[in-house]
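A.B. asks: Data file upload.cif (mmCIF, C-alpha atoms) is appended below.
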data_protein
#
loop_
_atom_site.group_PDB
_atom_site.id
_atom_site.type_symbol
_atom_site.label_atom_id
_atom_site.label_comp_id
_atom_site.auth_asym_id
_atom_site.auth_seq_id
_atom_site.Cartn_x
_atom_site.Cartn_y
_atom_site.Cartn_z
ATOM 1 C CA MET A 1 0.000 0.000 0.000
ATOM 2 C CA GLN A 2 1.419 3.406 -0.948
ATOM 3 C CA THR A 3 2.254 5.812 1.857
ATOM 4 C CA THR A 4 -0.366 8.348 0.719
ATOM 5 C CA LYS A 5 -3.042 5.677 0.790
ATOM 6 C CA LEU A 6 -1.845 4.476 4.201
ATOM 7 C CA ASN A 7 -1.923 8.043 5.517
ATOM 8 C CA GLN A 8 -5.508 8.473 4.368
ATOM 9 C CA THR A 9 -6.403 5.167 5.988
ATOM 10 C CA LEU A 10 -4.820 6.344 9.242
ATOM 11 C CA PHE A 11 -6.834 9.552 8.982
ATOM 12 C CA HIS A 12 -9.966 7.426 8.493
ATOM 13 C CA LEU A 13 -9.078 5.221 11.474
ATOM 14 C CA THR A 14 -8.458 8.253 13.697
ATOM 15 C CA LEU A 15 -12.045 9.388 13.117
ATOM 16 C CA CYS A 16 -13.441 5.994 14.136
ATOM 17 C CA LYS A 17 -14.972 5.118 17.479
ATOM 18 C CA GLY A 18 -14.108 2.038 19.508
ATOM 19 C CA ILE A 19 -10.326 2.232 19.063
ATOM 20 C CA GLY A 20 -7.455 4.074 20.726
ATOM 21 C CA ALA A 21 -3.810 4.854 20.058
ATOM 22 C CA THR A 22 -2.531 1.316 20.627
ATOM 23 C CA SER A 23 -5.210 -0.191 18.393
ATOM 24 C CA ARG A 24 -4.358 2.186 15.554
ATOM 25 C CA ILE A 25 -0.678 1.271 15.688
ATOM 26 C CA ARG A 26 -1.594 -2.432 15.593
ATOM 27 C CA MET A 27 -3.866 -1.810 12.636
ATOM 28 C CA LEU A 28 -1.168 0.170 10.841
ATOM 29 C CA SER A 29 1.383 -2.615 11.350
ATOM 30 C CA SER A 30 -1.075 -5.130 9.932
ATOM 31 C CA LEU A 31 -1.868 -2.913 6.921
ATOM 32 C CA ILE A 32 1.818 -2.540 6.103
ATOM 33 C CA ASP A 33 2.051 -6.335 5.925
ATOM 34 C CA ASN A 34 -1.256 -6.778 4.092
ATOM 35 C CA PRO A 35 -2.928 -3.724 2.506
ATOM 36 C CA TYR A 36 -6.081 -5.685 1.606
ATOM 37 C CA LEU A 37 -7.365 -6.241 5.135
ATOM 38 C CA THR A 38 -11.055 -5.553 5.726
ATOM 39 C CA PRO A 39 -12.328 -3.490 8.693
ATOM 40 C CA TYR A 40 -13.271 -6.767 10.383
ATOM 41 C CA ASP A 41 -9.734 -8.073 9.836
ATOM 42 C CA LEU A 42 -8.339 -4.865 11.353
ATOM 43 C CA ALA A 43 -10.572 -5.210 14.402
ATOM 44 C CA HIS A 44 -9.247 -8.743 14.869
ATOM 45 C CA CYS A 45 -5.630 -7.609 14.453
ATOM 46 C CA ALA A 46 -6.179 -4.890 17.051
ATOM 47 C CA GLN A 47 -7.683 -7.455 19.453
ATOM 48 C CA LEU A 48 -10.884 -5.452 19.928
ATOM 49 C CA ASN A 49 -13.617 -6.966 22.040
ATOM 50 C CA ALA A 50 -17.057 -7.610 20.569
ATOM 51 C CA ALA A 51 -18.562 -4.285 21.655
ATOM 52 C CA ASN A 52 -15.660 -2.214 20.318
ATOM 53 C CA THR A 53 -15.538 -4.251 17.116
ATOM 54 C CA LYS A 54 -19.167 -3.379 16.419
ATOM 55 C CA LEU A 55 -18.588 0.288 17.336
ATOM 56 C CA PHE A 56 -15.503 0.477 15.136
ATOM 57 C CA MET A 57 -17.047 -1.192 12.104
ATOM 58 C CA ASN A 58 -20.215 0.890 12.254
ATOM 59 C CA SER A 59 -18.287 4.153 12.515
ATOM 60 C CA PHE A 60 -15.775 3.118 9.825
ATOM 61 C CA SER A 61 -18.545 2.475 7.301
ATOM 62 C CA ALA A 62 -20.452 5.644 8.272
ATOM 63 C CA ILE A 63 -17.530 7.976 7.527
ATOM 64 C CA CYS A 64 -17.341 9.494 4.051
ATOM 65 C CA LEU A 65 -13.592 9.903 3.689
ATOM 66 C CA GLU A 66 -13.705 12.481 0.876
ATOM 67 C CA GLU A 67 -16.123 14.683 2.799
ATOM 68 C CA LYS A 68 -13.969 14.545 5.920
ATOM 69 C CA LEU A 69 -10.796 15.322 3.977
ATOM 70 C CA SER A 70 -12.514 18.358 2.474
ATOM 71 C CA GLU A 71 -13.844 19.485 5.842
ATOM 72 C CA TYR A 72 -10.412 19.429 7.459
ATOM 73 C CA LYS A 73 -8.856 21.226 4.499
ATOM 74 C CA ASN A 74 -11.541 23.933 4.559
ATOM 75 C CA ARG A 75 -11.042 24.425 8.299
ATOM 76 C CA HIS A 76 -7.268 24.661 7.884
ATOM 77 C CA ILE A 77 -6.600 21.612 10.032
ATOM 78 C CA LYS A 78 -3.576 19.667 8.818
ATOM 79 C CA TRP A 79 -2.296 16.313 9.966
ATOM 80 C CA VAL A 80 0.923 14.347 10.106
ATOM 81 C CA THR A 81 1.267 10.582 10.536
ATOM 82 C CA ILE A 82 3.948 8.399 12.046
ATOM 83 C CA LEU A 83 4.877 7.387 8.492
ATOM 84 C CA ASP A 84 5.842 10.947 7.541
ATOM 85 C CA SER A 85 9.396 12.284 7.670
ATOM 86 C CA ASN A 86 8.226 15.395 9.538
ATOM 87 C CA TYR A 87 6.570 13.425 12.356
ATOM 88 C CA PRO A 88 8.348 14.397 15.616
ATOM 89 C CA GLU A 89 11.377 12.115 15.856
ATOM 90 C CA TYR A 90 11.568 11.911 19.645
ATOM 91 C CA LEU A 91 7.882 11.024 19.859
ATOM 92 C CA LYS A 92 8.182 8.304 17.236
ATOM 93 C CA HIS A 93 10.440 6.269 19.504
ATOM 94 C CA THR A 94 8.324 6.494 22.646
ATOM 95 C CA TYR A 95 5.948 3.907 24.040
ATOM 96 C CA ASN A 96 2.508 4.067 22.416
ATOM 97 C CA PRO A 97 3.012 7.043 20.068
ATOM 98 C CA PRO A 98 -0.067 8.489 18.349
ATOM 99 C CA ALA A 99 -0.375 7.214 14.782
ATOM 100 C CA LEU A 100 -1.628 10.629 13.647
ATOM 101 C CA LEU A 101 -1.479 14.178 14.980
ATOM 102 C CA PHE A 102 -3.757 16.993 13.870
ATOM 103 C CA TYR A 103 -2.151 20.409 13.897
ATOM 104 C CA GLN A 104 -2.421 24.114 13.211
ATOM 105 C CA GLY A 105 0.582 26.387 12.895
ATOM 106 C CA ASP A 106 4.261 25.822 12.220
ATOM 107 C CA LEU A 107 5.139 22.130 12.365
ATOM 108 C CA ASN A 108 8.821 23.015 11.910
ATOM 109 C CA LEU A 109 8.882 24.100 15.550
ATOM 110 C CA LEU A 110 9.121 20.400 16.384
ATOM 111 C CA ASN A 111 12.651 20.426 14.950
ATOM 112 C CA ARG A 112 13.826 22.953 17.557
ATOM 113 C CA ASN A 113 15.024 22.309 21.123
ATOM 114 C CA LEU A 114 11.804 21.692 23.027
ATOM 115 C CA LEU A 115 11.316 21.962 26.776
ATOM 116 C CA ALA A 116 8.068 20.845 28.381
ATOM 117 C CA VAL A 117 7.016 23.161 31.210
ATOM 118 C CA VAL A 118 4.100 22.004 33.358
ATOM 119 C CA GLY A 119 2.596 22.681 36.760
ATOM 120 C CA SER A 120 -0.469 23.239 38.861
ATOM 121 C CA ARG A 121 -3.779 24.442 37.440
ATOM 122 C CA GLN A 122 -4.095 26.561 40.586
ATOM 123 C CA ASN A 123 -0.724 28.216 40.310
ATOM 124 C CA SER A 124 0.605 30.588 42.918
ATOM 125 C CA VAL A 125 2.306 33.964 42.590
ATOM 126 C CA TYR A 126 5.524 32.057 43.276
ATOM 127 C CA GLY A 127 5.015 29.838 40.225
ATOM 128 C CA THR A 128 4.400 32.832 37.986
ATOM 129 C CA LYS A 129 7.535 34.544 39.288
ATOM 130 C CA VAL A 130 9.610 31.423 38.714
ATOM 131 C CA LEU A 131 8.556 31.406 35.067
ATOM 132 C CA SER A 132 9.447 35.086 34.772
ATOM 133 C CA LEU A 133 12.898 34.251 36.115
ATOM 134 C CA LEU A 134 13.611 31.218 33.929
ATOM 135 C CA LEU A 135 11.939 31.808 30.574
ATOM 136 C CA PRO A 136 13.930 34.824 29.304
ATOM 137 C CA ASP A 137 17.250 32.939 29.374
ATOM 138 C CA LEU A 138 15.701 29.795 27.888
ATOM 139 C CA ILE A 139 14.138 31.745 25.035
ATOM 140 C CA ARG A 140 17.389 33.588 24.371
ATOM 141 C CA GLN A 141 18.906 30.154 23.812
ATOM 142 C CA ASN A 142 16.150 29.421 21.259
ATOM 143 C CA PHE A 143 14.272 26.878 23.336
ATOM 144 C CA VAL A 144 10.629 26.347 22.393
ATOM 145 C CA THR A 145 8.281 25.780 25.328
ATOM 146 C CA VAL A 146 5.740 22.958 25.307
ATOM 147 C CA SER A 147 2.707 22.781 27.569
ATOM 148 C CA GLY A 148 -0.926 21.727 27.650
ATOM 149 C CA LEU A 149 -2.972 24.963 27.360
ATOM 150 C CA ALA A 150 -4.673 24.243 30.677
ATOM 151 C CA LYS A 151 -5.399 26.756 33.433
ATOM 152 C CA GLY A 152 -2.620 27.876 35.699
ATOM 153 C CA ILE A 153 1.027 27.203 34.890
ATOM 154 C CA ASP A 154 0.349 25.932 31.354
ATOM 155 C CA GLN A 155 -1.441 29.144 30.470
ATOM 156 C CA GLU A 156 1.345 31.232 32.008
ATOM 157 C CA VAL A 157 4.010 29.304 30.083
ATOM 158 C CA HIS A 158 2.370 30.045 26.730
ATOM 159 C CA LYS A 159 1.540 33.675 27.533
ATOM 160 C CA GLN A 160 4.941 34.572 28.947
ATOM 161 C CA THR A 161 6.756 32.834 26.084
ATOM 162 C CA ILE A 162 4.759 34.814 23.525
ATOM 163 C CA ALA A 163 5.267 38.086 25.435
ATOM 164 C CA LEU A 164 9.022 37.455 25.394
ATOM 165 C CA GLY A 165 9.032 36.922 21.634
ATOM 166 C CA GLY A 166 9.573 33.174 21.888
ATOM 167 C CA GLN A 167 7.809 30.239 20.276
ATOM 168 C CA THR A 168 5.490 27.855 22.087
ATOM 169 C CA ILE A 169 3.628 24.598 21.401
ATOM 170 C CA GLY A 170 0.268 23.663 22.918
ATOM 171 C CA ILE A 171 -0.755 20.011 23.066
ATOM 172 C CA ILE A 172 -4.416 19.692 23.933
ATOM 173 C CA GLY A 173 -6.765 16.901 24.988
ATOM 174 C CA THR A 174 -9.669 17.916 22.732
ATOM 175 C CA GLY A 175 -10.299 18.495 19.056
ATOM 176 C CA LEU A 176 -8.610 21.599 17.677
ATOM 177 C CA ASP A 177 -12.009 23.289 17.352
ATOM 178 C CA GLN A 178 -12.640 23.083 21.104
ATOM 179 C CA TYR A 179 -11.432 25.555 23.731
ATOM 180 C CA TYR A 180 -10.798 24.178 27.187
ATOM 181 C CA PRO A 181 -10.868 26.119 29.343
ATOM 182 C CA PHE A 182 -13.011 28.516 27.325
ATOM 183 C CA GLU A 183 -11.016 31.468 28.617
ATOM 184 C CA ASN A 184 -8.072 30.242 26.502
ATOM 185 C CA GLU A 185 -9.924 30.685 23.190
ATOM 186 C CA LYS A 186 -8.042 33.833 22.185
ATOM 187 C CA LEU A 187 -4.684 32.367 23.254
ATOM 188 C CA GLN A 188 -5.352 29.084 21.432
ATOM 189 C CA LYS A 189 -6.305 30.873 18.216
ATOM 190 C CA GLU A 190 -3.143 32.979 18.369
ATOM 191 C CA MET A 191 -1.020 29.876 18.882
ATOM 192 C CA GLY A 192 -2.726 28.154 15.946
ATOM 193 C CA ARG A 193 -1.789 31.104 13.729
ATOM 194 C CA ASN A 194 1.690 31.973 14.939
ATOM 195 C CA HIS A 195 3.016 29.013 16.945
ATOM 196 C CA LEU A 196 1.830 25.372 16.981
ATOM 197 C CA LEU A 197 -1.156 23.419 18.270
ATOM 198 C CA LEU A 198 -1.216 19.614 18.317
ATOM 199 C CA SER A 199 -3.894 17.055 19.154
ATOM 200 C CA GLU A 200 -4.409 13.371 18.497
ATOM 201 C CA TYR A 201 -8.175 13.898 18.717
ATOM 202 C CA PRO A 202 -10.431 14.697 15.736
ATOM 203 C CA LEU A 203 -12.610 17.772 15.410
ATOM 204 C CA GLY A 204 -15.556 17.834 17.753
ATOM 205 C CA THR A 205 -13.846 15.825 20.518
ATOM 206 C CA LYS A 206 -14.941 17.219 23.883
ATOM 207 C CA PRO A 207 -12.666 17.652 26.951
ATOM 208 C CA LEU A 208 -13.185 14.237 28.509
ATOM 209 C CA LYS A 209 -11.323 13.649 31.758
ATOM 210 C CA GLN A 210 -9.418 10.598 30.523
ATOM 211 C CA HIS A 211 -7.934 12.452 27.543
ATOM 212 C CA PHE A 212 -5.596 14.647 29.573
ATOM 213 C CA PRO A 213 -3.387 12.030 31.259
ATOM 214 C CA ILE A 214 -3.105 10.320 27.842
ATOM 215 C CA ARG A 215 -2.221 13.650 26.214
ATOM 216 C CA ASN A 216 0.644 14.084 28.679
ATOM 217 C CA ARG A 217 2.682 11.354 26.984
ATOM 218 C CA ILE A 218 2.885 13.596 23.895
ATOM 219 C CA ILE A 219 4.021 16.618 25.920
ATOM 220 C CA ALA A 220 6.823 14.538 27.438
ATOM 221 C CA GLY A 221 7.479 12.612 24.241
ATOM 222 C CA VAL A 222 8.284 15.539 21.932
ATOM 223 C CA SER A 223 10.528 17.293 24.464
ATOM 224 C CA LEU A 224 14.192 17.000 25.427
ATOM 225 C CA GLY A 225 13.218 17.440 29.043
ATOM 226 C CA THR A 226 10.353 18.337 31.364
ATOM 227 C CA LEU A 227 10.353 21.124 33.950
ATOM 228 C CA VAL A 228 7.769 20.915 36.736
ATOM 229 C CA ILE A 229 7.116 24.298 38.337
ATOM 230 C CA GLU A 230 4.743 23.363 41.170
ATOM 231 C CA ALA A 231 2.551 20.320 41.689
ATOM 232 C CA LYS A 232 0.642 18.456 44.354
ATOM 233 C CA TYR A 233 1.726 14.938 45.239
ATOM 234 C CA ARG A 234 -0.906 13.492 42.880
ATOM 235 C CA SER A 235 -1.195 15.569 39.725
ATOM 236 C CA GLY A 236 -1.097 15.520 35.950
ATOM 237 C CA SER A 237 2.254 17.296 36.057
ATOM 238 C CA LEU A 238 3.802 14.359 37.892
ATOM 239 C CA ILE A 239 2.324 12.007 35.299
ATOM 240 C CA THR A 240 4.126 14.004 32.615
ATOM 241 C CA ALA A 241 7.368 13.951 34.606
ATOM 242 C CA ASN A 242 7.172 10.202 35.151
ATOM 243 C CA LEU A 243 6.492 9.624 31.463
ATOM 244 C CA ALA A 244 9.581 11.700 30.661
ATOM 245 C CA LEU A 245 11.640 9.586 33.069
ATOM 246 C CA GLN A 246 10.359 6.386 31.463
ATOM 247 C CA GLU A 247 11.561 7.654 28.082
ATOM 248 C CA GLY A 248 14.985 8.547 29.455
ATOM 249 C CA ARG A 249 14.441 12.305 29.232
ATOM 250 C CA GLU A 250 15.699 14.898 31.694
ATOM 251 C CA VAL A 251 13.332 15.948 34.476
ATOM 252 C CA PHE A 252 13.741 19.234 36.320
ATOM 253 C CA ALA A 253 11.826 20.517 39.321
ATOM 254 C CA ILE A 254 11.515 23.781 41.242
ATOM 255 C CA PRO A 255 11.821 23.416 45.037
ATOM 256 C CA GLY A 256 9.108 24.939 47.183
ATOM 257 C CA ASP A 257 7.764 25.482 50.681
ATOM 258 C CA ILE A 258 7.711 22.090 52.435
ATOM 259 C CA THR A 259 4.654 23.126 54.477
ATOM 260 C CA LYS A 260 2.410 23.660 51.441
ATOM 261 C CA PRO A 261 0.722 20.937 49.360
ATOM 262 C CA TYR A 262 1.406 22.618 46.013
ATOM 263 C CA TYR A 263 5.099 21.822 46.352
ATOM 264 C CA GLU A 264 4.847 18.245 47.639
ATOM 265 C CA GLY A 265 5.111 16.899 44.100
ATOM 266 C CA THR A 266 8.117 18.935 43.000
ATOM 267 C CA ASN A 267 9.975 18.401 46.283
ATOM 268 C CA ASP A 268 9.358 14.665 46.001
ATOM 269 C CA LEU A 269 10.684 14.649 42.420
ATOM 270 C CA ILE A 270 13.894 16.286 43.634
ATOM 271 C CA LEU A 271 14.162 13.815 46.503
ATOM 272 C CA ASN A 272 13.918 10.978 43.974
ATOM 273 C CA GLY A 273 16.485 12.229 41.495
ATOM 274 C CA ALA A 274 15.006 15.059 39.411
ATOM 275 C CA LYS A 275 17.407 17.969 38.997
ATOM 276 C CA CYS A 276 16.749 20.844 41.377
ATOM 277 C CA VAL A 277 16.478 24.076 39.375
ATOM 278 C CA LEU A 278 17.303 27.493 40.826
ATOM 279 C CA ASN A 279 18.066 29.283 37.547
ATOM 280 C CA ALA A 280 17.927 28.671 33.812
ATOM 281 C CA ASN A 281 21.575 27.567 33.634
ATOM 282 C CA HIS A 282 20.700 24.457 35.628
ATOM 283 C CA ILE A 283 18.512 23.419 32.685
ATOM 284 C CA LEU A 284 20.756 24.652 29.887
ATOM 285 C CA GLU A 285 23.843 22.836 31.154
ATOM 286 C CA GLU A 286 21.981 19.518 30.879
ATOM 287 C CA LEU A 287 20.242 20.048 27.550
ATOM 288 C CA MET A 288 22.864 21.929 25.545
ATOM 289 C CA ASN A 289 25.836 19.587 26.059
#
Just dump the structure as structure tokens.

C.D. replies:
Amino acid sequence: MQTTKLNQTLFHLTLCKGIGATSRIRMLSSLIDNPYLTPYDLAHCAQLNAANTKLFMNSFSAICLEEKLSEYKNRHIKWVTILDSNYPEYLKHTYNPPALLFYQGDLNLLNRNLLAVVGSRQNSVYGTKVLSLLLPDLIRQNFVTVSGLAKGIDQEVHKQTIALGGQTIGIIGTGLDQYYPFENEKLQKEMGRNHLLLSEYPLGTKPLKQHFPIRNRIIAGVSLGTLVIEAKYRSGSLITANLALQEGREVFAIPGDITKPYYEGTNDLILNGAKCVLNANHILEELMN
């Protein structure tokens, strides 16, 4: 099967219900070996249960591929697959990479030095000040920040990077036509025009709770390292940091007040081997050598 045909099939599969990232990769591997597999064959190859097989096959047959391709083109939503040369190289070699990513903006940003910066959705004044201290030096060294366009630290990362004249990447857990939180609509649109937005979810996908921990593997996966600004002991930021560790990436953490819960996560990361960061040089000396 030609790559263009495979890419269109991956696009088709990404719009289907009843399957996730792992199932799509299994289906892709099977299609590379045998391009004539039927949807039922693909469901079997992906080891779908009976309920998901029915859901997948019904949605596969209901999708008009040409109409969907036109819709995405008209809405200026592009996509890149794991078969493409411009798919993010670091992400390609992680566990369970997305077979396809939808995007708006400058995909070439993925070729730059990327640093994931994450933290609490209820960030403190301290967290905001830490970003103001670190980001100018990082941006002067041409680092591109990566975060999740959530409330709190994520939002601050994107806004401060833009204000400093840097470039930033937002990786979201919804379709690119959704704004979550809604207050980020203006910021998200600006990033789609002048920076980069990525999502593995098709248009119309709502902000379901389970999407965000899954999304975090992409934030960690595209980046050289992950910096955690402030985080509770159980938080999405720590999920991102642990995913980075599993992929052999650098993890950095900002120390904080040991009497406050918002720093339990970062202090624990430092205790267990993450690099304690007091200034931007502590990051640069690890990632630029």

A.B. asks: Find the distance between atom CA of Ser23 of chain A and atom CA of Ala46 of chain A and write it in Å to one decimal.

C.D. replies: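 Separation of atom CA of Ser23 of chain A and atom CA of Ala46 of chain A: 5.0 Å.
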
A.B. asks: How far is it from atom CA of Asp41 of chain A to atom CA of Thr14 of chain A, in Å with one decimal?

C.D. replies: 16.8 Å

A.B. asks: Which of these residues is nearest to Ser120 of chain A, using all atoms listed in the file: A:His76, A:Arg217, A:His12, A:Arg234?

C.D. replies: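 Ranking A:His76, A:Arg217, A:His12, A:Arg234 by distance to Ser120 of chain A, first place goes to A:Arg234.
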
A.B. asks: Grab the atom CA of Asn7 of chain A to atom CA of Leu100 of chain A distance for me, in Å with one decimal place.

C.D. replies: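 For atom CA of Asn7 of chain A relative to atom CA of Leu100 of chain A, the distance reads 8.5 Å.
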
A.B. asks: Could you produce a table of the residues of segment 19-114 of chain A lying within 9 Å of segment 201-211 of chain A, with the nearest pair of atoms per residue and their separation in Å rounded to one decimal, using only C-alpha atoms, ordered by chain and increasing residue number, as a Markdown table?

C.D. replies:
| residue | atom | partner | partner_atom | distance |
| --- | --- | --- | --- | --- |
| A:Tyr72 | CA | A:Leu203 | CA | 8.4 |
| A:Ile77 | CA | A:Leu203 | CA | 8.9 |
| A:Leu100 | CA | A:Tyr201 | CA | 8.9 |
| A:Leu101 | CA | A:Tyr201 | CA | 7.7 |
| A:Phe102 | CA | A:Tyr201 | CA | 7.3 |

A.B. asks: Keeping C-alpha atoms, export the residues of the selection given above as an mmCIF file, in the frame of the given file.

C.D. replies:
data_model
loop_
_atom_site.group_PDB
_atom_site.id
_atom_site.type_symbol
_atom_site.label_atom_id
_atom_site.label_comp_id
_atom_site.auth_asym_id
_atom_site.auth_seq_id
_atom_site.Cartn_x
_atom_site.Cartn_y
_atom_site.Cartn_z
ATOM 1 C CA TYR A 72 -10.412 19.429 7.459
ATOM 2 C CA ILE A 77 -6.600 21.612 10.032
ATOM 3 C CA LEU A 100 -1.628 10.629 13.647
ATOM 4 C CA LEU A 101 -1.479 14.178 14.980
ATOM 5 C CA PHE A 102 -3.757 16.993 13.870
#

A.B. asks: Neighbours of Gly18 of chain A within 7 Å (only C-alpha atoms; same-chain residues fewer than 4 positions away dropped), as a list in words?

C.D. replies: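 Within the cut-off, the hits are Asn52, Thr53, Leu55 and Phe56 of chain A.
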
A.B. asks: Skipping near chain neighbours, those fewer than 5 positions away, what residues fall within 9 Å of Ser59 of chain A using all atoms listed in the file, listed as a list in words?

C.D. replies: Leu15, Cys16, Lys17, Gly18 and Lys54 of chain A

A.B. asks: What are the nearest atom pairs, with distances in Å to one decimal, for all residues of segment 27-136 of chain A that come at most 10 Å from segment 153-166 of chain A, using only C-alpha atoms, set out by chain and rising residue number as CSV?

C.D. replies:
residue,atom,partner,partner_atom,distance
A:Ala116,CA,A:Val157,CA,9.5
A:Val117,CA,A:Val157,CA,6.9
A:Val118,CA,A:Asp154,CA,5.8
A:Gly119,CA,A:Ile153,CA,5.1
A:Ser120,CA,A:Ile153,CA,5.8
A:Arg121,CA,A:Ile153,CA,6.1
A:Gln122,CA,A:Ile153,CA,7.7
A:Asn123,CA,A:Ile153,CA,5.8
A:Ser124,CA,A:Ile153,CA,8.7
A:Gly127,CA,A:Ile153,CA,7.2
A:Thr128,CA,A:Glu156,CA,6.9
A:Leu131,CA,A:Val157,CA,7.1
A:Ser132,CA,A:Gln160,CA,7.4
A:Leu135,CA,A:Thr161,CA,6.9
A:Pro136,CA,A:Leu164,CA,6.8

A.B. asks: Can you complete the atoms of segment 49-60 of chain A to N, CA, C and O atoms and list them as a PDB file, keeping the file's coordinate frame?

C.D. replies:
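Okay, out14.pdb is ready:
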ATOM      1  N   ASN A  49     -12.548  -6.102  21.544  1.00  0.00           N
ATOM      2  CA  ASN A  49     -13.617  -6.966  22.040  1.00  0.00           C
ATOM      3  C   ASN A  49     -14.851  -6.812  21.155  1.00  0.00           C
ATOM      4  O   ASN A  49     -14.879  -5.978  20.233  1.00  0.00           O
ATOM      5  N   ALA A  50     -15.879  -7.585  21.437  1.00  0.00           N
ATOM      6  CA  ALA A  50     -17.057  -7.610  20.569  1.00  0.00           C
ATOM      7  C   ALA A  50     -17.743  -6.243  20.490  1.00  0.00           C
ATOM      8  O   ALA A  50     -18.136  -5.792  19.405  1.00  0.00           O
ATOM      9  N   ALA A  51     -17.883  -5.585  21.633  1.00  0.00           N
ATOM     10  CA  ALA A  51     -18.562  -4.285  21.655  1.00  0.00           C
ATOM     11  C   ALA A  51     -17.782  -3.248  20.858  1.00  0.00           C
ATOM     12  O   ALA A  51     -18.361  -2.495  20.056  1.00  0.00           O
ATOM     13  N   ASN A  52     -16.473  -3.195  21.042  1.00  0.00           N
ATOM     14  CA  ASN A  52     -15.660  -2.214  20.318  1.00  0.00           C
ATOM     15  C   ASN A  52     -15.526  -2.558  18.842  1.00  0.00           C
ATOM     16  O   ASN A  52     -15.410  -1.663  18.001  1.00  0.00           O
ATOM     17  N   THR A  53     -15.560  -3.850  18.525  1.00  0.00           N
ATOM     18  CA  THR A  53     -15.538  -4.251  17.116  1.00  0.00           C
ATOM     19  C   THR A  53     -16.766  -3.723  16.389  1.00  0.00           C
ATOM     20  O   THR A  53     -16.667  -3.157  15.290  1.00  0.00           O
ATOM     21  N   LYS A  54     -17.931  -3.872  17.018  1.00  0.00           N
ATOM     22  CA  LYS A  54     -19.167  -3.379  16.419  1.00  0.00           C
ATOM     23  C   LYS A  54     -19.133  -1.856  16.288  1.00  0.00           C
ATOM     24  O   LYS A  54     -19.497  -1.302  15.241  1.00  0.00           O
ATOM     25  N   LEU A  55     -18.669  -1.173  17.346  1.00  0.00           N
ATOM     26  CA  LEU A  55     -18.588   0.288  17.336  1.00  0.00           C
ATOM     27  C   LEU A  55     -17.633   0.762  16.240  1.00  0.00           C
ATOM     28  O   LEU A  55     -17.940   1.698  15.488  1.00  0.00           O
ATOM     29  N   PHE A  56     -16.502   0.103  16.141  1.00  0.00           N
ATOM     30  CA  PHE A  56     -15.503   0.477  15.136  1.00  0.00           C
ATOM     31  C   PHE A  56     -16.031   0.264  13.723  1.00  0.00           C
ATOM     32  O   PHE A  56     -15.941   1.158  12.870  1.00  0.00           O
ATOM     33  N   MET A  57     -16.595  -0.885  13.464  1.00  0.00           N
ATOM     34  CA  MET A  57     -17.047  -1.192  12.104  1.00  0.00           C
ATOM     35  C   MET A  57     -18.193  -0.286  11.675  1.00  0.00           C
ATOM     36  O   MET A  57     -18.253   0.156  10.520  1.00  0.00           O
ATOM     37  N   ASN A  58     -19.102   0.000  12.587  1.00  0.00           N
ATOM     38  CA  ASN A  58     -20.215   0.890  12.254  1.00  0.00           C
ATOM     39  C   ASN A  58     -19.724   2.302  11.944  1.00  0.00           C
ATOM     40  O   ASN A  58     -20.185   2.943  10.986  1.00  0.00           O
ATOM     41  N   SER A  59     -18.786   2.793  12.749  1.00  0.00           N
ATOM     42  CA  SER A  59     -18.287   4.153  12.515  1.00  0.00           C
ATOM     43  C   SER A  59     -17.410   4.201  11.272  1.00  0.00           C
ATOM     44  O   SER A  59     -17.444   5.180  10.520  1.00  0.00           O
ATOM     45  N   PHE A  60     -16.639   3.162  11.024  1.00  0.00           N
ATOM     46  CA  PHE A  60     -15.775   3.118   9.825  1.00  0.00           C
ATOM     47  C   PHE A  60     -16.620   3.238   8.558  1.00  0.00           C
ATOM     48  O   PHE A  60     -16.307   4.019   7.656  1.00  0.00           O
TER      49      PHE A  60
END
